[in-house]
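First the structure, in the form of C-alpha cells, and then the observations on it.
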2 protein chains.
Amino acid sequence: MEPGIISLAGGNPDLTALPLNELGQAASRLISAQGAEVLQYGAGSGILPLREELAQLMSTAGVASGPEDILITAGSQLGIELVTAMLCDPGDVILAEAPTYVGAISTFMGLEVAVEHVMCDEDGLIPAELERRITELRAAGRIVKALYTIPNFNNPSGITLSAERRPIIAQICRDAGITVIEDDPYGLVRFEGEHIPAIRSFDDSVIYLGSMSKIFSPGIRIGWLTAPAAVRERLQLLSESAVIHASMLSQHLALAYLRDFDWRATLSKTIDRYRERADALLRALPAALPAGSTWTGPSGGFFVWATLPDGVSADELFDLAVEEGVVFIPGSGFFADGSGARNLRFSFSLEAPDRIREGLVRLGRATARLSSR
Amino acid sequence: MEPGIISLAGGNPDLTALPLNELGQAASRLISAQGAEVLQYGAGSGILPLREELAQLMSTAGVASGPEDILITAGSQLGIELVTAMLCDPGDVILAEAPTYVGAISTFMGLEVAVEHVMCDEDGLIPAELERRITELRAAGRIVKALYTIPNFNNPSGITLSAERRPIIAQICRDAGITVIEDDPYGLVRFEGEHIPAIRSFDDSVIYLGSMSKIFSPGIRIGWLTAPAAVRERLQLLSESAVIHASMLSQHLALAYLRDFDWRATLSKTIDRYRERADALLRALPAALPAGSTWTGPSGGFFVWATLPDGVSADELFDLAVEEGVVFIPGSGFFADGSGARNLRFSFSLEAPDRIREGLVRLGRATARLSSR
C-alpha cells in the first residue's frame, strides 16, 4: 500500500503547469517598475486593463460585456456574498441546484437567507421543477429573490446545464421576476465537447460570476462579476464597504498572466491532466463502490458525484475509507435541507492517475468492509 | 501658480521610501520557489508565520497576543465588516467618536446598524460622555453593542486618546457589556512622543484591528484582527464565507517585508516626511483659514481636522477651493448625524511640503473670496 492519505476531497486546482519562474519575473517587474501603483490604493471597480481582458475572456461563454459592466472582486466567493446582500433580506429564499456549492450555502445562511433546492437530472436544472418550486414557495408566502446556479460542471455534481435549457431557465426567471446568479468558475475547464453559451448570453439581467481560481490561481483571490450598470454600481459600493478593492498586486499579476502569457496553452495542458484523472476515477469507480451505486460523468470541472444504493450511508463509508487511507466528501454538506446521506463527492483535480487508482482500491476495501457488516 | 490640482483630500500613504527593486525580487522568489503554495488556496486564518510576525509587531502597542489569537483579513476594512456582522443585528447601535472614519460609517449603515457619536476633546473620547451616551441610549430602548474607536491619530480628527483615558474607556465598556472595536491603522505612524499602549492591552476582550496599509502597502489589502479565541473563530468562519482567505501572494509578501526587510527604518524615513508635511500644513493654516477657525495638531497619522467659525460653511469653502486648485474633504461625511458642516479634513500624507504650502496659499484665496461675499 502506498503511504499517506489519498485525498479526493479538496477542490484545489493543479498548478504544476504554471510557468512559475516567468510569473515570478512578471511580479518582480510589476513591483519594481510600477510599485507606486501596484502597492497603492486603487479603484473600487478594479483596474481597467484587467476588466478589458476579462470582457474579452467572457466572449468564449458568449457573454457580451464591456469593461464598464465588470466589477473585479476579491475572489468570486465575495461576489456571491455581495450579490446576496444586495438582493436579499433575512428570510428571503434563494433557489439552488440540488446539490450545490457548500460555500454558497454557507454565505446564504450567514445572511439568513433560506436555500431551497431545485431538482436536477443529467442535463442540470429541470425547468418544470424550477417553475413548480417557484409557484409552490410563493403559494406558501415565501419571497423568492434569486436562482443561484453553477451551470458548468457543477460543484459538487459535475453536471452541466444543457444548451437547450439555458434560455428556458432565463425566461422562467425573467417571467417570475427572479434574478439569476450564474456562478461559472469551471466553464473554461472543459475536457470534452464544445463550450456552451452562458445563461447571461440569453439575458442581460443575469449576474454572471467569474473566477481566476481555476484558470490561473486561487491564492491571489481574484474574481469578477458582470451585471447591468445600475446593479454593478450598487455592488461596487458594497464591495468598497467590505474590502475597499481586491489586492492590486493580485489584479496586476492576473492582468499580466492574461495579457502576456499563453495562458490558454497552459490551461490546455492542465485540462489534459484533469481528463486523464477523471478517466482514471471513472474507470475505477465500478469496482470501488457498492453494487447499485450510480455516478455522474462530467466533461469538465473537478468533480464526480456518486449516489449509493438505498440503505447505504455515505458517512459510514467515509469513516471506513479514512481508516483505509482515502478521503472524499460526504454529500450532506451540499444540501441545505438535510439530504445527501447517500451521496459523496470525489475530486479528481489534484491527485495523479496512479494515486486515484490506488485511492479507489482503498475505497473498494472500505466498501467490502461495509458490505460485510 | 503651480499647475494641477493640489490634493489634501486622500488618505494614501507615501510609498516612495519602499525598496521596490528588492521587494520585486522577493516577490519573484516567492512565486518561483514557493508558487505551489503562494498561488494555491490557503488556510482561512491566514498563514502562520505572518501571524507570528504580527503578534510580535503588536507588542509595540502593548498587545500580548499569540498567533493563535490572530485572524489575517483581506484588509482591515473587512475586519470592521466581519466584527459588525458578528456583533450586531439591524437597528443595534455602535458608538463612535465624533467625527469618525467614513468607511466604518458606510459599513455600519450597510448592515443597518445605527451610529451614535460620543463627544471628544483634544484627549479623545470623553469618558463621562461615553457613559452618558450609553445610559441615554439604553434609557431610550436602544441596544448598544459596541464602541468603535480609532484611538491613535483618528481619521479624520488626528486626535489621540490619552494614555490615562484608555483603561477608563475599557472599564466603562466592560461594565456596560459593550465590545470595544479598536481600529489602529496609524498607531505606528507616530512622529512625536512615545507609543501609548492599546486599549486592548488593558482588556483582552477588546477586538483589535491592525493594518499593513500605512506601514507597508494598502494595495496588497492585508489587515488583521486579534480577539478572544471563541470570537476569533466565529470571525474566521465569517471571513471564509466572505472571501475564503486573504490573497496568499499578499500575505507572503507582507511576511517577507516584516521578516526580511528593515521595515522599521523605512517607516521611520516615511514618518520623517509626514512630520515635515504636517509642520508645513500647520504653519500655513493660520493664514489660509478664516479668522476664528481652530484645528487639531496631531503627533502622527495623516490628518488635520479644522473647524470653521460659526456661520462659515465648509461646503462653500470647498467649492471655492476647487476653483482655486486645491481640494480637501468637507466634514459632514465623517458624521452619521448630519453634523460637520463647519469642518474639514486635510491630509498631509501625500503632497510634498512645497505643494502643501502652495495648496494653502490657494486655500487662502478661497477664504478671501468667501469672506468678501
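For the C-alpha cells, the naming scheme is as follows: chains receive sequential letters (A, B, ...) according to their order of presentation, residues are indexed from 1 within each chain, and ligands are indexed from 1 in presentation order.
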Exercise for the section: Extract, using only C-alpha atoms, all DNA, RNA and protein residues at most 7 Å from region 15-26 of chain A, discarding same-chain residues fewer than 2 positions from it, and format them as a VMD selection string. Expected result: (chain A and resid 13 28 to 30 266 269 to 270) or (chain B and resid 27 to 29 31 to 32 35 to 36)
Write a file of the just-selected residues containing N, CA and C atoms, as a compact mmCIF listing (two decimals), in the first residue's frame.
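What follows is the written file result-v3.txt:
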```
# COMPACT_ATOMS: atom_id res chain seq x y z
N PRO A 13 -7.09 23.48 -7.58
CA PRO A 13 -6.64 23.26 -8.95
C PRO A 13 -5.20 22.75 -8.97
N SER A 28 8.03 40.62 -10.24
CA SER A 28 9.17 41.48 -9.91
C SER A 28 9.13 42.77 -10.71
N ARG A 29 8.87 42.64 -12.02
CA ARG A 29 8.78 43.85 -12.86
C ARG A 29 7.64 44.75 -12.41
N LEU A 30 6.50 44.14 -12.09
CA LEU A 30 5.35 44.94 -11.66
C LEU A 30 5.70 45.80 -10.46
N THR A 266 -1.35 26.85 -21.45
CA THR A 266 -1.07 26.29 -20.13
C THR A 266 -2.31 25.60 -19.57
N LYS A 269 -2.90 22.25 -21.17
CA LYS A 269 -2.07 21.18 -20.57
C LYS A 269 -2.69 20.68 -19.26
N THR A 270 -3.13 21.62 -18.45
CA THR A 270 -3.72 21.25 -17.17
C THR A 270 -5.01 20.46 -17.38
N ALA B 27 9.22 39.09 -4.30
CA ALA B 27 8.01 38.52 -4.90
C ALA B 27 8.37 37.46 -5.93
N SER B 28 9.40 37.75 -6.70
CA SER B 28 9.85 36.80 -7.71
C SER B 28 10.27 35.48 -7.07
N ARG B 29 11.06 35.57 -6.01
CA ARG B 29 11.50 34.35 -5.31
C ARG B 29 10.30 33.59 -4.74
N ILE B 31 7.25 33.43 -5.79
CA ILE B 31 6.47 32.73 -6.82
C ILE B 31 7.28 31.61 -7.46
N SER B 32 8.56 31.89 -7.76
CA SER B 32 9.32 30.83 -8.45
C SER B 32 9.65 29.67 -7.51
N GLY B 35 5.70 28.84 -5.48
CA GLY B 35 4.47 29.13 -6.21
C GLY B 35 3.34 28.17 -5.90
N ALA B 36 3.68 26.91 -5.69
CA ALA B 36 2.64 25.91 -5.43
C ALA B 36 1.88 26.24 -4.15
```
Excluding Leu237 (chain A) and residues on its chain fewer than 2 positions from it, collect all residues at most 12 Å away from it, counting only C-alpha atoms, and give them as a PDB file with N, CA and C atoms, in the first residue's frame.
```pdb
ATOM      1  N   ALA A  43      -8.802  51.701  -7.578  1.00  0.00           N
ATOM      2  CA  ALA A  43     -10.221  51.990  -7.780  1.00  0.00           C
ATOM      3  C   ALA A  43     -11.094  50.845  -7.272  1.00  0.00           C
ATOM      4  N   GLY A  44     -12.269  51.184  -6.768  1.00  0.00           N
ATOM      5  CA  GLY A  44     -13.201  50.180  -6.252  1.00  0.00           C
ATOM      6  C   GLY A  44     -13.686  49.208  -7.306  1.00  0.00           C
ATOM      7  N   SER A  45     -13.673  49.620  -8.562  1.00  0.00           N
ATOM      8  CA  SER A  45     -14.133  48.769  -9.662  1.00  0.00           C
ATOM      9  C   SER A  45     -13.108  47.731 -10.072  1.00  0.00           C
ATOM     10  N   LEU A  71     -17.166  44.272 -12.407  1.00  0.00           N
ATOM     11  CA  LEU A  71     -16.589  44.617 -11.099  1.00  0.00           C
ATOM     12  C   LEU A  71     -15.613  43.510 -10.737  1.00  0.00           C
ATOM     13  N   THR A  73     -13.701  41.415  -8.120  1.00  0.00           N
ATOM     14  CA  THR A  73     -13.950  41.101  -6.715  1.00  0.00           C
ATOM     15  C   THR A  73     -12.731  40.417  -6.090  1.00  0.00           C
ATOM     16  N   LEU A  82     -21.749  39.564  -1.965  1.00  0.00           N
ATOM     17  CA  LEU A  82     -22.229  40.910  -2.298  1.00  0.00           C
ATOM     18  C   LEU A  82     -23.589  40.856  -2.986  1.00  0.00           C
ATOM     19  N   VAL A  83     -23.721  39.936  -3.931  1.00  0.00           N
ATOM     20  CA  VAL A  83     -24.984  39.825  -4.664  1.00  0.00           C
ATOM     21  C   VAL A  83     -26.114  39.421  -3.711  1.00  0.00           C
ATOM     22  N   ALA A  85     -26.243  39.913  -0.457  1.00  0.00           N
ATOM     23  CA  ALA A  85     -26.529  41.037   0.437  1.00  0.00           C
ATOM     24  C   ALA A  85     -27.359  42.098  -0.282  1.00  0.00           C
ATOM     25  N   MET A  86     -27.077  42.298  -1.560  1.00  0.00           N
ATOM     26  CA  MET A  86     -27.826  43.307  -2.313  1.00  0.00           C
ATOM     27  C   MET A  86     -29.268  42.874  -2.554  1.00  0.00           C
ATOM     28  N   ALA A 230     -26.596  49.664 -13.343  1.00  0.00           N
ATOM     29  CA  ALA A 230     -27.082  50.170 -12.057  1.00  0.00           C
ATOM     30  C   ALA A 230     -26.815  49.159 -10.940  1.00  0.00           C
ATOM     31  N   VAL A 231     -26.957  47.903 -11.276  1.00  0.00           N
ATOM     32  CA  VAL A 231     -26.706  46.834 -10.309  1.00  0.00           C
ATOM     33  C   VAL A 231     -25.213  46.754  -9.988  1.00  0.00           C
ATOM     34  N   ARG A 232     -24.412  46.817 -11.038  1.00  0.00           N
ATOM     35  CA  ARG A 232     -22.963  46.765 -10.853  1.00  0.00           C
ATOM     36  C   ARG A 232     -22.502  47.885  -9.926  1.00  0.00           C
ATOM     37  N   GLU A 233     -23.105  49.045 -10.076  1.00  0.00           N
ATOM     38  CA  GLU A 233     -22.731  50.195  -9.260  1.00  0.00           C
ATOM     39  C   GLU A 233     -23.040  49.958  -7.778  1.00  0.00           C
ATOM     40  N   ARG A 234     -24.220  49.398  -7.518  1.00  0.00           N
ATOM     41  CA  ARG A 234     -24.575  49.098  -6.122  1.00  0.00           C
ATOM     42  C   ARG A 234     -23.633  48.043  -5.545  1.00  0.00           C
ATOM     43  N   LEU A 235     -23.288  47.060  -6.389  1.00  0.00           N
ATOM     44  CA  LEU A 235     -22.385  46.008  -5.911  1.00  0.00           C
ATOM     45  C   LEU A 235     -21.001  46.573  -5.625  1.00  0.00           C
ATOM     46  N   SER A 239     -18.908  46.310  -2.254  1.00  0.00           N
ATOM     47  CA  SER A 239     -17.549  45.774  -2.265  1.00  0.00           C
ATOM     48  C   SER A 239     -16.584  46.733  -1.565  1.00  0.00           C
ATOM     49  N   GLU A 240     -16.760  48.019  -1.809  1.00  0.00           N
ATOM     50  CA  GLU A 240     -15.897  49.005  -1.156  1.00  0.00           C
ATOM     51  C   GLU A 240     -16.095  48.992   0.356  1.00  0.00           C
ATOM     52  N   SER A 241     -17.346  48.828   0.778  1.00  0.00           N
ATOM     53  CA  SER A 241     -17.622  48.735   2.216  1.00  0.00           C
ATOM     54  C   SER A 241     -16.979  47.494   2.826  1.00  0.00           C
ATOM     55  N   ALA A 242     -16.870  46.440   2.021  1.00  0.00           N
ATOM     56  CA  ALA A 242     -16.359  45.174   2.555  1.00  0.00           C
ATOM     57  C   ALA A 242     -14.834  45.100   2.508  1.00  0.00           C
ATOM     58  N   VAL A 243     -14.240  45.441   1.375  1.00  0.00           N
ATOM     59  CA  VAL A 243     -12.794  45.220   1.226  1.00  0.00           C
ATOM     60  C   VAL A 243     -12.062  46.390   0.549  1.00  0.00           C
ATOM     61  N   ILE A 244     -12.767  47.505   0.281  1.00  0.00           N
ATOM     62  CA  ILE A 244     -12.256  48.648  -0.483  1.00  0.00           C
ATOM     63  C   ILE A 244     -12.038  48.231  -1.942  1.00  0.00           C
ATOM     64  N   HIS A 245     -11.133  47.302  -2.176  1.00  0.00           N
ATOM     65  CA  HIS A 245     -10.958  46.727  -3.516  1.00  0.00           C
ATOM     66  C   HIS A 245     -10.136  45.460  -3.377  1.00  0.00           C
TER      67      HIS A 245
ATOM     68  N   GLY B 103     -15.372  55.170   6.114  1.00  0.00           N
ATOM     69  CA  GLY B 103     -15.525  53.786   5.661  1.00  0.00           C
ATOM     70  C   GLY B 103     -16.198  52.908   6.698  1.00  0.00           C
ATOM     71  N   SER B 106     -19.911  53.789   6.629  1.00  0.00           N
ATOM     72  CA  SER B 106     -20.553  53.174   5.472  1.00  0.00           C
ATOM     73  C   SER B 106     -20.792  51.678   5.703  1.00  0.00           C
ATOM     74  N   THR B 107     -19.841  50.994   6.327  1.00  0.00           N
ATOM     75  CA  THR B 107     -20.036  49.581   6.652  1.00  0.00           C
ATOM     76  C   THR B 107     -21.175  49.403   7.657  1.00  0.00           C
ATOM     77  N   MET B 109     -23.706  51.374   8.240  1.00  0.00           N
ATOM     78  CA  MET B 109     -25.006  51.679   7.632  1.00  0.00           C
ATOM     79  C   MET B 109     -25.422  50.579   6.666  1.00  0.00           C
ATOM     80  N   GLY B 110     -24.445  50.027   5.947  1.00  0.00           N
ATOM     81  CA  GLY B 110     -24.747  48.920   5.036  1.00  0.00           C
ATOM     82  C   GLY B 110     -25.347  47.731   5.766  1.00  0.00           C
TER      83      GLY B 110
END
```
Exercise for the section: Please return as a PyMOL selection string: the residues of region 138-321 of chain A that backbone DSSP assigns to strand (DSSP E). Expected result: chain A and resi 144-149+179-183+207-211+223-226+294-295+303-307
Problem - Two-atom distance - CA of Ala98 (chain B), CA of Val118 (chain B) (Å) - result: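 Spanning CA of Ala98 (chain B) to CA of Val118 (chain B) is a straight-line distance of 5.7 Å.
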Handout entry: Exercise: region 209-215 of chain B partners within 7 Å, only C-alpha atoms, chain neighbours under 5 positions left out, as a ChimeraX atom specification
Key = /B:13,75-76,79,182-186,222-226,267
Exercise for the section: Do a neighbour search on region 338-352 of chain A at 6 Å with only C-alpha atoms, toss out local chain neighbours closer than 6 positions, and write the hits as a list in words. Expected result: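 Counting only C-alpha atoms, the residues come to Leu8, Ala9, Pro13, Asp14, Tyr274, Arg277, Ala278, Phe302, Phe303, Val304, Trp305, Ala306, Thr307, Leu308, Ser313, Ala314, Phe328, Ile329, Pro330, Gly331 and Ser332 of chain A.
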Given the selection you just returned, output its residues as a file containing N, CA and C atoms, formatted as an mmCIF file, in the first residue's frame.
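Below you can see result39.cif, which holds the result:
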```
data_model
loop_
_atom_site.group_PDB
_atom_site.id
_atom_site.type_symbol
_atom_site.label_atom_id
_atom_site.label_comp_id
_atom_site.auth_asym_id
_atom_site.auth_seq_id
_atom_site.Cartn_x
_atom_site.Cartn_y
_atom_site.Cartn_z
ATOM 1 N N LEU A 8 -9.268 12.685 -2.211
ATOM 2 C CA LEU A 8 -10.163 13.007 -3.325
ATOM 3 C C LEU A 8 -11.223 13.974 -2.798
ATOM 4 N N ALA A 9 -10.811 14.765 -1.807
ATOM 5 C CA ALA A 9 -11.761 15.637 -1.108
ATOM 6 C C ALA A 9 -11.693 17.086 -1.590
ATOM 7 N N PRO A 13 -7.090 23.475 -7.580
ATOM 8 C CA PRO A 13 -6.641 23.255 -8.948
ATOM 9 C C PRO A 13 -5.196 22.754 -8.972
ATOM 10 N N ASP A 14 -4.835 22.102 -10.057
ATOM 11 C CA ASP A 14 -3.457 21.675 -10.273
ATOM 12 C C ASP A 14 -2.690 22.868 -10.849
ATOM 13 N N TYR A 274 -6.507 16.858 -16.077
ATOM 14 C CA TYR A 274 -7.811 16.614 -15.447
ATOM 15 C C TYR A 274 -8.570 15.497 -16.186
ATOM 16 N N ARG A 277 -7.244 12.167 -15.244
ATOM 17 C CA ARG A 277 -7.593 11.839 -13.866
ATOM 18 C C ARG A 277 -9.064 11.477 -13.749
ATOM 19 N N ALA A 278 -9.901 12.226 -14.460
ATOM 20 C CA ALA A 278 -11.330 11.904 -14.454
ATOM 21 C C ALA A 278 -11.532 10.498 -15.029
ATOM 22 N N PHE A 302 -14.007 19.610 -11.792
ATOM 23 C CA PHE A 302 -13.147 18.886 -10.859
ATOM 24 C C PHE A 302 -13.811 17.671 -10.220
ATOM 25 N N PHE A 303 -15.145 17.479 -10.426
ATOM 26 C CA PHE A 303 -15.863 16.601 -9.509
ATOM 27 C C PHE A 303 -16.718 15.529 -10.167
ATOM 28 N N VAL A 304 -16.778 14.383 -9.474
ATOM 29 C CA VAL A 304 -17.738 13.328 -9.787
ATOM 30 C C VAL A 304 -18.609 13.141 -8.547
ATOM 31 N N TRP A 305 -19.878 12.967 -8.784
ATOM 32 C CA TRP A 305 -20.855 12.871 -7.699
ATOM 33 C C TRP A 305 -21.481 11.484 -7.739
ATOM 34 N N ALA A 306 -21.393 10.765 -6.642
ATOM 35 C CA ALA A 306 -21.903 9.402 -6.619
ATOM 36 C C ALA A 306 -23.092 9.292 -5.676
ATOM 37 N N THR A 307 -23.986 8.371 -6.018
ATOM 38 C CA THR A 307 -25.150 8.081 -5.178
ATOM 39 C C THR A 307 -25.103 6.601 -4.813
ATOM 40 N N LEU A 308 -25.103 6.323 -3.533
ATOM 41 C CA LEU A 308 -25.039 4.946 -3.052
ATOM 42 C C LEU A 308 -26.434 4.337 -3.086
ATOM 43 N N SER A 313 -24.978 4.199 3.829
ATOM 44 C CA SER A 313 -24.696 5.546 4.324
ATOM 45 C C SER A 313 -23.329 6.051 3.872
ATOM 46 N N ALA A 314 -23.325 7.228 3.279
ATOM 47 C CA ALA A 314 -22.064 7.830 2.835
ATOM 48 C C ALA A 314 -21.157 8.128 4.029
ATOM 49 N N PHE A 328 -12.887 11.439 0.748
ATOM 50 C CA PHE A 328 -13.738 12.163 -0.200
ATOM 51 C C PHE A 328 -14.638 13.038 0.666
ATOM 52 N N ILE A 329 -15.657 13.676 0.088
ATOM 53 C CA ILE A 329 -16.557 14.467 0.935
ATOM 54 C C ILE A 329 -17.968 13.881 0.916
ATOM 55 N N PRO A 330 -18.473 13.517 2.092
ATOM 56 C CA PRO A 330 -19.855 13.018 2.163
ATOM 57 C C PRO A 330 -20.826 14.100 1.694
ATOM 58 N N GLY A 331 -21.968 13.680 1.144
ATOM 59 C CA GLY A 331 -22.813 14.590 0.388
ATOM 60 C C GLY A 331 -23.645 15.589 1.161
ATOM 61 N N SER A 332 -23.863 15.376 2.458
ATOM 62 C CA SER A 332 -24.883 16.177 3.139
ATOM 63 C C SER A 332 -24.543 17.670 3.198
#
```
Exercise for the section: Figure out the distance between CA of Arg190 (chain B) and CA of Phe153 (chain B), please, to one decimal in Å. Expected result: 8.3 Å
Practice task
Write out as a list of chain:residue names the residues lying within 9 Å of Pro353 (chain A), counting only C-alpha atoms and excluding same-chain residues fewer than 3 positions away.
Solution key: A:Arg273, A:Glu276, A:Arg277, A:Ala278, A:Asp279, A:Ala280, A:Leu281, A:Phe348, A:Ile356, A:Arg357, A:Glu358
Create the file for the chosen residues now, containing N, CA and C atoms and written as a CSV table (one decimal), in the first residue's frame.
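Now in result_16.csv:
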```csv
chain,number,residue,atom,x,y,z
A,273,ARG,N,-4.5,16.9,-18.0
A,273,ARG,CA,-4.3,16.2,-16.8
A,273,ARG,C,-5.6,15.9,-16.1
A,276,GLU,N,-7.3,12.9,-17.9
A,276,GLU,CA,-6.7,11.6,-17.5
A,276,GLU,C,-7.2,11.2,-16.1
A,277,ARG,N,-7.2,12.2,-15.2
A,277,ARG,CA,-7.6,11.8,-13.9
A,277,ARG,C,-9.1,11.5,-13.7
A,278,ALA,N,-9.9,12.2,-14.5
A,278,ALA,CA,-11.3,11.9,-14.5
A,278,ALA,C,-11.5,10.5,-15.0
A,279,ASP,N,-10.8,10.2,-16.1
A,279,ASP,CA,-10.9,8.9,-16.7
A,279,ASP,C,-10.5,7.8,-15.7
A,280,ALA,N,-9.4,8.0,-15.0
A,280,ALA,CA,-8.9,7.0,-14.0
A,280,ALA,C,-9.9,6.8,-13.0
A,281,LEU,N,-10.5,7.9,-12.5
A,281,LEU,CA,-11.5,7.8,-11.5
A,281,LEU,C,-12.8,7.1,-12.0
A,348,PHE,N,-11.2,15.0,-8.7
A,348,PHE,CA,-10.1,14.4,-9.4
A,348,PHE,C,-9.0,15.4,-9.8
A,356,ILE,N,-5.0,8.1,-7.8
A,356,ILE,CA,-6.5,7.9,-7.8
A,356,ILE,C,-6.9,6.5,-7.9
A,357,ARG,N,-6.2,5.7,-8.7
A,357,ARG,CA,-6.5,4.3,-8.8
A,357,ARG,C,-6.2,3.6,-7.4
A,358,GLU,N,-5.1,3.9,-6.8
A,358,GLU,CA,-4.8,3.3,-5.5
A,358,GLU,C,-5.9,3.8,-4.5
```
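Ranking B:Leu57, B:Ala104, B:Val189, B:Leu370 by their shortest atom-to-atom distance to Ile271 (chain B), with only C-alpha atoms included, puts B:Val189 first.
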Completion exercise
Closest of B:Gly91, B:Gly219, B:Gly46, B:Gly10 to chain A, counting only C-alpha atoms, is B:Gly219
Problem - Nearest candidate to chain A (options B:Tyr101, B:Trp295, B:Phe216, B:Trp263; using only C-alpha atoms) - result: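 Using only C-alpha atoms, the shortest distance to chain A belongs to B:Phe216.
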Fill in the blank from the handout: From the list A:Cys120, A:Ile80, A:Ile196, A:Val326, the nearest residue to Ser299 (chain A) using only C-alpha atoms is A:Ile196
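Residue nearest Ala114 (chain B) within the list B:Pro67, B:Pro90, B:Gly193, B:Gly4: B:Pro90 [criterion: smallest interatomic distance, only C-alpha atoms].
Between CA of Leu50 (chain B) and CA of Leu255 (chain B) there is a distance of 5.1 Å.
DSSP on the backbone gives helix (DSSP H, G or I) for these parts of region 179-233 of chain A: Ile199, Arg200, Ser201, Phe202, Ala229, Ala230, Val231, Arg232 and Glu233 of chain A.
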